[in-house]
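**Student:** Please find data_37.cif (mmCIF, C-alpha atoms) on the next line:
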```cif
data_protein
loop_
_atom_site.group_PDB
_atom_site.id
_atom_site.type_symbol
_atom_site.label_atom_id
_atom_site.label_comp_id
_atom_site.auth_asym_id
_atom_site.auth_seq_id
_atom_site.Cartn_x
_atom_site.Cartn_y
_atom_site.Cartn_z
ATOM 1 C CA MET A 72 0.000 0.000 0.000
ATOM 2 C CA ASN A 73 1.240 3.515 -0.777
ATOM 3 C CA VAL A 74 0.007 7.113 -0.823
ATOM 4 C CA ASP A 75 -1.959 6.435 -4.026
ATOM 5 C CA SER A 76 -3.731 3.630 -2.187
ATOM 6 C CA LEU A 77 -4.577 5.946 0.705
ATOM 7 C CA VAL A 78 -5.936 8.546 -1.708
ATOM 8 C CA SER A 79 -8.000 5.946 -3.573
ATOM 9 C CA LEU A 80 -9.391 4.572 -0.314
ATOM 10 C CA ALA A 81 -10.325 8.108 0.722
ATOM 11 C CA MET A 82 -12.124 8.551 -2.609
ATOM 12 C CA LEU A 83 -14.006 5.291 -2.034
ATOM 13 C CA LYS A 84 -15.004 6.503 1.456
ATOM 14 C CA VAL A 85 -16.293 9.801 0.058
ATOM 15 C CA ASN A 86 -18.324 7.919 -2.558
ATOM 16 C CA ALA A 87 -19.749 5.689 0.159
ATOM 17 C CA ASP A 88 -20.701 8.633 2.359
ATOM 18 C CA VAL A 89 -22.221 10.725 -0.424
ATOM 19 C CA GLN A 90 -23.874 8.194 -2.701
ATOM 20 C CA GLY A 91 -25.007 5.463 -0.310
ATOM 21 C CA LYS A 92 -24.589 2.673 -2.890
ATOM 22 C CA ASP A 93 -23.061 -0.777 -2.486
ATOM 23 C CA TYR A 94 -19.355 -1.472 -2.724
ATOM 24 C CA LEU A 95 -19.505 -2.635 -6.352
ATOM 25 C CA ASP A 96 -21.018 0.696 -7.382
ATOM 26 C CA TYR A 97 -18.188 2.481 -5.554
ATOM 27 C CA LEU A 98 -15.677 0.635 -7.708
ATOM 28 C CA ILE A 99 -17.379 1.306 -11.052
ATOM 29 C CA PRO A 100 -15.774 4.746 -11.648
ATOM 30 C CA PHE A 101 -12.333 3.278 -10.966
ATOM 31 C CA VAL A 102 -12.952 0.316 -13.268
ATOM 32 C CA THR A 103 -14.459 2.336 -16.117
ATOM 33 C CA SER A 104 -11.571 4.800 -15.987
ATOM 34 C CA VAL A 105 -9.093 2.027 -16.888
ATOM 35 C CA LEU A 106 -11.156 0.457 -19.687
ATOM 36 C CA ASP A 107 -10.008 0.899 -23.275
ATOM 37 C CA SER A 108 -13.067 1.066 -25.536
ATOM 38 C CA GLY A 109 -11.272 -0.643 -28.425
ATOM 39 C CA ALA A 110 -9.588 -3.453 -26.506
ATOM 40 C CA ALA A 111 -10.694 -6.754 -25.058
ATOM 41 C CA ILE A 112 -11.321 -6.469 -21.332
ATOM 42 C CA ALA A 113 -10.153 -9.306 -19.109
ATOM 43 C CA PRO A 114 -10.682 -9.143 -15.330
ATOM 44 C CA ASP A 115 -7.016 -9.852 -14.562
ATOM 45 C CA ASN A 116 -5.919 -6.984 -16.845
ATOM 46 C CA VAL A 117 -8.364 -4.639 -15.100
ATOM 47 C CA GLN A 118 -6.963 -5.806 -11.763
ATOM 48 C CA GLU A 119 -3.419 -4.874 -12.820
ATOM 49 C CA LEU A 120 -4.506 -1.487 -14.216
ATOM 50 C CA LEU A 121 -6.308 -0.642 -10.958
ATOM 51 C CA ARG A 122 -3.170 -1.527 -9.017
ATOM 52 C CA GLN A 123 -0.939 0.558 -11.285
ATOM 53 C CA ARG A 124 -3.146 3.635 -11.572
ATOM 54 C CA PHE A 125 -4.803 3.783 -8.153
ATOM 55 C CA GLY A 126 -2.774 1.496 -5.906
ATOM 56 C CA LEU A 127 -5.889 -0.612 -5.336
ATOM 57 C CA ARG A 128 -5.499 -4.361 -4.931
ATOM 58 C CA ILE A 129 -8.928 -5.692 -5.785
ATOM 59 C CA PRO A 130 -9.533 -9.450 -6.058
ATOM 60 C CA VAL A 131 -10.256 -10.663 -9.587
ATOM 61 C CA SER A 132 -13.562 -12.127 -8.383
ATOM 62 C CA VAL A 133 -14.730 -8.663 -7.291
ATOM 63 C CA ILE A 134 -13.630 -7.132 -10.596
ATOM 64 C CA GLU A 135 -15.575 -9.857 -12.385
ATOM 65 C CA LEU A 136 -18.695 -8.862 -10.403
ATOM 66 C CA VAL A 137 -18.211 -5.204 -11.402
ATOM 67 C CA LEU A 138 -17.769 -6.169 -15.059
ATOM 68 C CA ARG A 139 -20.910 -8.329 -14.913
ATOM 69 C CA ARG A 140 -22.840 -5.420 -13.434
ATOM 70 C CA LEU A 141 -21.633 -3.169 -16.246
ATOM 71 C CA SER A 142 -22.641 -5.886 -18.705
ATOM 72 C CA LYS A 143 -26.155 -6.112 -17.214
ATOM 73 C CA ARG A 144 -26.428 -2.344 -17.582
ATOM 74 C CA GLY A 145 -25.567 -2.665 -21.279
ATOM 75 C CA ALA A 146 -22.191 -0.929 -21.143
ATOM 76 C CA LEU A 147 -20.206 -4.126 -21.767
ATOM 77 C CA LYS A 148 -20.791 -7.287 -23.757
ATOM 78 C CA ARG A 149 -19.304 -10.606 -22.632
ATOM 79 C CA GLU A 150 -18.095 -13.288 -25.037
ATOM 80 C CA ARG A 151 -16.168 -16.350 -23.788
ATOM 81 C CA GLY A 152 -15.067 -14.680 -20.548
ATOM 82 C CA ILE A 153 -13.797 -11.548 -22.286
ATOM 83 C CA TYR A 154 -15.655 -8.264 -22.188
ATOM 84 C CA HIS A 155 -15.903 -5.586 -24.857
ATOM 85 C CA VAL A 156 -17.371 -2.113 -24.639
ATOM 86 C CA ALA A 157 -20.904 -2.341 -26.050
ATOM 87 C CA ALA A 158 -21.994 1.270 -25.538
ATOM 88 C CA PRO A 159 -20.332 4.525 -24.614
ATOM 89 C CA ILE A 160 -19.480 4.439 -20.927
ATOM 90 C CA GLN A 161 -20.094 7.613 -19.028
ATOM 91 C CA GLN A 162 -16.806 8.538 -17.451
ATOM 92 C CA VAL A 163 -16.744 10.234 -14.091
ATOM 93 C CA ASP A 164 -14.137 12.970 -13.848
ATOM 94 C CA MET A 165 -12.247 11.555 -10.901
ATOM 95 C CA GLU A 166 -9.462 14.127 -10.977
ATOM 96 C CA PRO A 167 -11.153 16.722 -8.713
ATOM 97 C CA LYS A 168 -11.958 14.010 -6.166
ATOM 98 C CA ARG A 169 -8.444 12.623 -6.422
ATOM 99 C CA VAL A 170 -6.895 16.062 -5.908
ATOM 100 C CA GLU A 171 -9.120 16.749 -2.894
ATOM 101 C CA ALA A 172 -8.409 13.325 -1.402
ATOM 102 C CA GLN A 173 -4.673 13.901 -1.973
ATOM 103 C CA ARG A 174 -4.909 17.280 -0.238
ATOM 104 C CA ARG A 175 -6.693 15.781 2.767
ATOM 105 C CA THR A 176 -4.310 12.844 2.953
ATOM 106 C CA ASN A 177 -1.306 15.176 2.893
ATOM 107 C CA ALA A 178 -2.897 17.329 5.604
ATOM 108 C CA ALA A 179 -3.472 14.267 7.806
ATOM 109 C CA ILE A 180 0.109 13.087 7.275
ATOM 110 C CA ASN A 181 1.423 16.556 8.164
ATOM 111 C CA GLN A 182 -0.710 16.635 11.322
ATOM 112 C CA LEU A 183 0.636 13.225 12.312
ATOM 113 C CA ILE A 184 4.204 14.509 11.814
ATOM 114 C CA GLN A 185 3.449 17.526 14.026
ATOM 115 C CA HIS A 186 1.876 15.281 16.666
ATOM 116 C CA ALA A 187 4.936 13.006 16.681
ATOM 117 C CA VAL A 188 7.211 15.999 17.246
ATOM 118 C CA GLN A 189 5.058 17.804 19.834
ATOM 119 C CA HIS A 190 4.024 14.832 21.952
ATOM 120 C CA HIS A 191 6.803 12.289 21.446
ATOM 121 C CA GLY A 192 9.829 14.291 20.308
ATOM 122 C CA ALA A 193 10.032 12.111 17.196
ATOM 123 C CA GLU A 194 11.200 13.630 13.926
ATOM 124 C CA TRP A 195 9.182 11.801 11.267
ATOM 125 C CA SER A 196 9.580 12.243 7.540
ATOM 126 C CA PRO A 197 6.488 12.175 5.315
ATOM 127 C CA ASP A 198 7.468 8.627 4.271
ATOM 128 C CA THR A 199 7.732 7.485 7.886
ATOM 129 C CA ALA A 200 4.344 8.994 8.739
ATOM 130 C CA THR A 201 2.752 7.498 5.627
ATOM 131 C CA ASN A 202 4.159 4.078 6.475
ATOM 132 C CA ALA A 203 2.833 4.398 10.030
ATOM 133 C CA VAL A 204 -0.665 5.143 8.714
ATOM 134 C CA ILE A 205 -0.483 2.297 6.213
ATOM 135 C CA THR A 206 0.707 -0.131 8.887
ATOM 136 C CA TYR A 207 -2.097 0.963 11.198
ATOM 137 C CA LEU A 208 -4.744 0.595 8.470
ATOM 138 C CA SER A 209 -3.345 -2.781 7.435
ATOM 139 C CA GLN A 210 -3.917 -4.100 10.949
#
```
Would you give me this structure, written as structure tokens?
**Tutor:**
Amino acid sequence: MNVDSLVSLAMLKVNADVQGKDYLDYLIPFVTSVLDSGAAIAPDNVQELLRQRFGLRIPVSVIELVLRRLSKRGALKRERGIYHVAAPIQQVDMEPKRVEAQRRTNAAINQLIQHAVQHHGAEWSPDTATNAVITYLSQ
């Protein structure tokens, strides 16, 4: 897990709080943003693209459920386990949410650094603070 993962998780949390949908619907904007309309879409390829672009490690079985949901909605067509774009997919502009989540994540990391100095006399770098948060969240 890295800072991109923290930012992506924050974006998922915001979507959950604002939209009140299920977890598959939260993942749809992430999945659709990595789809190439002219290419075959395999769940394992989507998994790797999500990891590279957003730092999200989503099980292939969950990605398959998201792709099936998109297929039921008519956005994708499935043939022999491979999906293809069947209709234009409405893309959500995730950049403003990503920038805001990045800003908030950086602010939280900076506050943790200040807390470490003020209350424990520890000089933490941003990497050390980020790793502390990631370790805590992993547990």
**Student:** Hey, what comes out of the PyMOL selection byres ((chain A and resi 117-124) around 9) on this file? Could you write it as an mmCIF file with C-alpha atoms, in the frame of the given file?
**Tutor:**
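New file selection32.cif:
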```
data_model
loop_
_atom_site.group_PDB
_atom_site.id
_atom_site.type_symbol
_atom_site.label_atom_id
_atom_site.label_comp_id
_atom_site.auth_asym_id
_atom_site.auth_seq_id
_atom_site.Cartn_x
_atom_site.Cartn_y
_atom_site.Cartn_z
ATOM 1 C CA ASP A 75 -1.959 6.435 -4.026
ATOM 2 C CA SER A 76 -3.731 3.630 -2.187
ATOM 3 C CA PHE A 101 -12.333 3.278 -10.966
ATOM 4 C CA VAL A 102 -12.952 0.316 -13.268
ATOM 5 C CA VAL A 105 -9.093 2.027 -16.888
ATOM 6 C CA LEU A 106 -11.156 0.457 -19.687
ATOM 7 C CA ILE A 112 -11.321 -6.469 -21.332
ATOM 8 C CA ALA A 113 -10.153 -9.306 -19.109
ATOM 9 C CA PRO A 114 -10.682 -9.143 -15.330
ATOM 10 C CA ASP A 115 -7.016 -9.852 -14.562
ATOM 11 C CA ASN A 116 -5.919 -6.984 -16.845
ATOM 12 C CA PHE A 125 -4.803 3.783 -8.153
ATOM 13 C CA GLY A 126 -2.774 1.496 -5.906
ATOM 14 C CA LEU A 127 -5.889 -0.612 -5.336
ATOM 15 C CA ARG A 128 -5.499 -4.361 -4.931
ATOM 16 C CA ILE A 129 -8.928 -5.692 -5.785
ATOM 17 C CA PRO A 130 -9.533 -9.450 -6.058
ATOM 18 C CA VAL A 131 -10.256 -10.663 -9.587
ATOM 19 C CA ILE A 134 -13.630 -7.132 -10.596
#
```
**Student:** What's the separation between CA of Glu194 in chain A and CA of Gln210 in chain A, in Å to one decimal place?
**Tutor:**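 About the pair CA of Glu194 in chain A and CA of Gln210 in chain A: they are 23.5 Å apart.
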**Student:** Written as number ranges by chain, what is the full residue list that the PyMOL selection byres ((chain A and resi 200-205) around 10) yields on the file shown?
**Tutor:** A: 72-74, 76-77, 176-177, 179-184, 187, 194-199, 206-210
**Student:** List the residues selected by the PyMOL selection byres ((chain A and resi 155) around 12) in the file shown, writing them as number ranges by chain.
**Tutor:** A: 103, 106-114, 138-139, 141-142, 145-154, 156-160
**Student:** Go through A:Val137, A:Lys143, A:Ser132, A:Pro100 and flag the residue nearest Arg169 in chain A, using only C-alpha atoms for the distances.
**Tutor:**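 Of all the options, A:Pro100 lies closest to Arg169 in chain A.
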**Student:** Quick one: distance from CA of Arg174 in chain A to CA of Leu95 in chain A in Å, one decimal?
**Tutor:**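 Separation of CA of Arg174 in chain A and CA of Leu95 in chain A: 25.4 Å.
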**Student:** Would you mind reading off the distance between CA of Arg140 in chain A and CA of Ile99 in chain A, one decimal, in Å?
**Tutor:** 9.0 Å
**Student:** So, counting all atoms listed in the file, which residue among A:Val188, A:Val170, A:Leu98, A:Ala193 is closest to Val133 in chain A?
**Tutor:** A:Leu98
